[in-house]
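Student: Got a structure for you, written out below as structure tokens; questions coming shortly.
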Amino acid sequence: MIQRIDTKQRMSRIVKHNGTIYLCGQVCKDAEQGIKEQTATMLEKVDELLLQAGSDREHILSATIYIKDMKYFSEMNEVWDAWVPEGHAPARACVEAAMARDALLVEISVIAAEINPA
């Protein structure tokens, strides 16, 4: 069974299928901030959605990070490295990409395992 949560015409914020959770791309809460702040608030949103879906950051299987410019890579990684629980790093890719809005510096797409699948 496929469960879609917070579905709009274009996408669902969360999709659950067979104990796997897929989050739509998440961006920061305030695009006027720098890369560290944008990364931190983006990851806060991931935490909130994972909790809503029945998971957490220890159960992330894969993350794809889209960064506006690789000059931000090391600063973004400082925030990422502090956020990922030790021993629970997911498979990850990070690519430079054009953003939907010019002020956005980073976006993430996450796949996670449900903690207690039905």
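Here's how to read the names in the structure tokens: chain A, B, ... by the order shown, residue numbers from 1 in each chain, ligand numbers from 1 in the order shown.
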Using only C-alpha atoms, determine which residues lie at most 8 Å from A:Asn18, disregarding the query and same-chain residues fewer than 3 positions distant; provide the list as a PyMOL selection string.
Tutor: chain A and resi 1-2+117
Student: Please identify which residues in stretch 2-108 of chain A DSSP calls strand (DSSP E) from the backbone, and express them as a ChimeraX atom specification.
Tutor: /A:2-7,12-17,20-26,60-67,91-96,106-108
Student: Write down as a VMD selection string the residues of chain A whose backbone DSSP state falls under helix (DSSP H, G or I).
Tutor: chain A and resid 35 to 53 57 to 59 70 to 83
Student: So which one's closest to A:Val95, A:Ile21, A:Ile35, A:Ala82, A:Ile67? Using only C-alpha atoms, please.
Tutor: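 Nearest candidate to A:Val95 out of A:Ile21, A:Ile35, A:Ala82, A:Ile67: A:Ile67.
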Student: Which of these residues is nearest to A:Asp69, using only C-alpha atoms: A:Glu114, A:Asp56, A:Ala40, A:Ala98?
Tutor: A:Ala98
Student: Of the candidates A:Leu105, A:Val110, A:Met70, A:Glu58, which shows the shortest atom-to-atom distance to A:Glu86, using only C-alpha atoms?
Tutor: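 Once distances to A:Glu86 are computed over only C-alpha atoms, the minimum belongs to A:Glu58.
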Student: Pick out the closest residue to A:Lys16 from this set: A:Arg92, A:Arg101, A:His59, A:Arg4. Count only C-alpha atoms.
Tutor: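 Comparing A:Arg92, A:Arg101, A:His59, A:Arg4 against A:Lys16, the winner is A:Arg4.
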Student: Between atom CA of A:Ala53 and atom CA of A:Gly19, what distance in Å does the model show, to one decimal?
Tutor: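 Atom CA of A:Gly19 lies 10.2 Å from atom CA of A:Ala53.
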Student: Residues near A:Trp80, anyone? I mean within 10 Å using only C-alpha atoms, not counting same-chain ones fewer than 6 positions away, as a list in words.
Tutor: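 Using only C-alpha atoms, the neighbours found are Lys36, Thr39, Ala40, Leu43, Ser74 and Ala89 of chain A.
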Student: Please produce a file of the residues just selected, as a PDB file, in the first residue's frame, where the atoms kept are C-alpha atoms.
Tutor:
```pdb
ATOM      1  CA  LYS A  36      25.044  27.247   7.465  1.00  0.00           C
ATOM      2  CA  THR A  39      21.379  23.958   5.976  1.00  0.00           C
ATOM      3  CA  ALA A  40      20.421  23.885   9.670  1.00  0.00           C
ATOM      4  CA  LEU A  43      17.617  19.683   8.339  1.00  0.00           C
ATOM      5  CA  SER A  74      32.643  22.630   3.354  1.00  0.00           C
ATOM      6  CA  ALA A  89      25.646   8.154   8.056  1.00  0.00           C
TER       7      ALA A  89
END
```
Student: Which of these residues is nearest to A:Phe73, using only C-alpha atoms: A:Glu107, A:Asp102, A:Asp6, A:Glu96?
Tutor: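 Checking each of A:Glu107, A:Asp102, A:Asp6, A:Glu96 against A:Phe73, counting only C-alpha atoms, the winner is A:Glu96.
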Student: How many Å lie between atom CA of A:Ile14 and atom CA of A:Gln26, rounded to one decimal?
Tutor: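 It comes out at 10.9 Å.
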Student: Quick one: everything within 7 Å of A:Val15, counting only C-alpha atoms, minus sequence neighbours fewer than 3 positions away in the same chain. Send it as a PyMOL selection string.
Tutor: chain A and resi 3-5+12+21-23
Student: For atom CA of A:Gly87 and atom CA of A:Lys71, quote the distance in Å rounded to one decimal.
Tutor: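 Atom CA of A:Gly87 sits 27.0 Å away from atom CA of A:Lys71.
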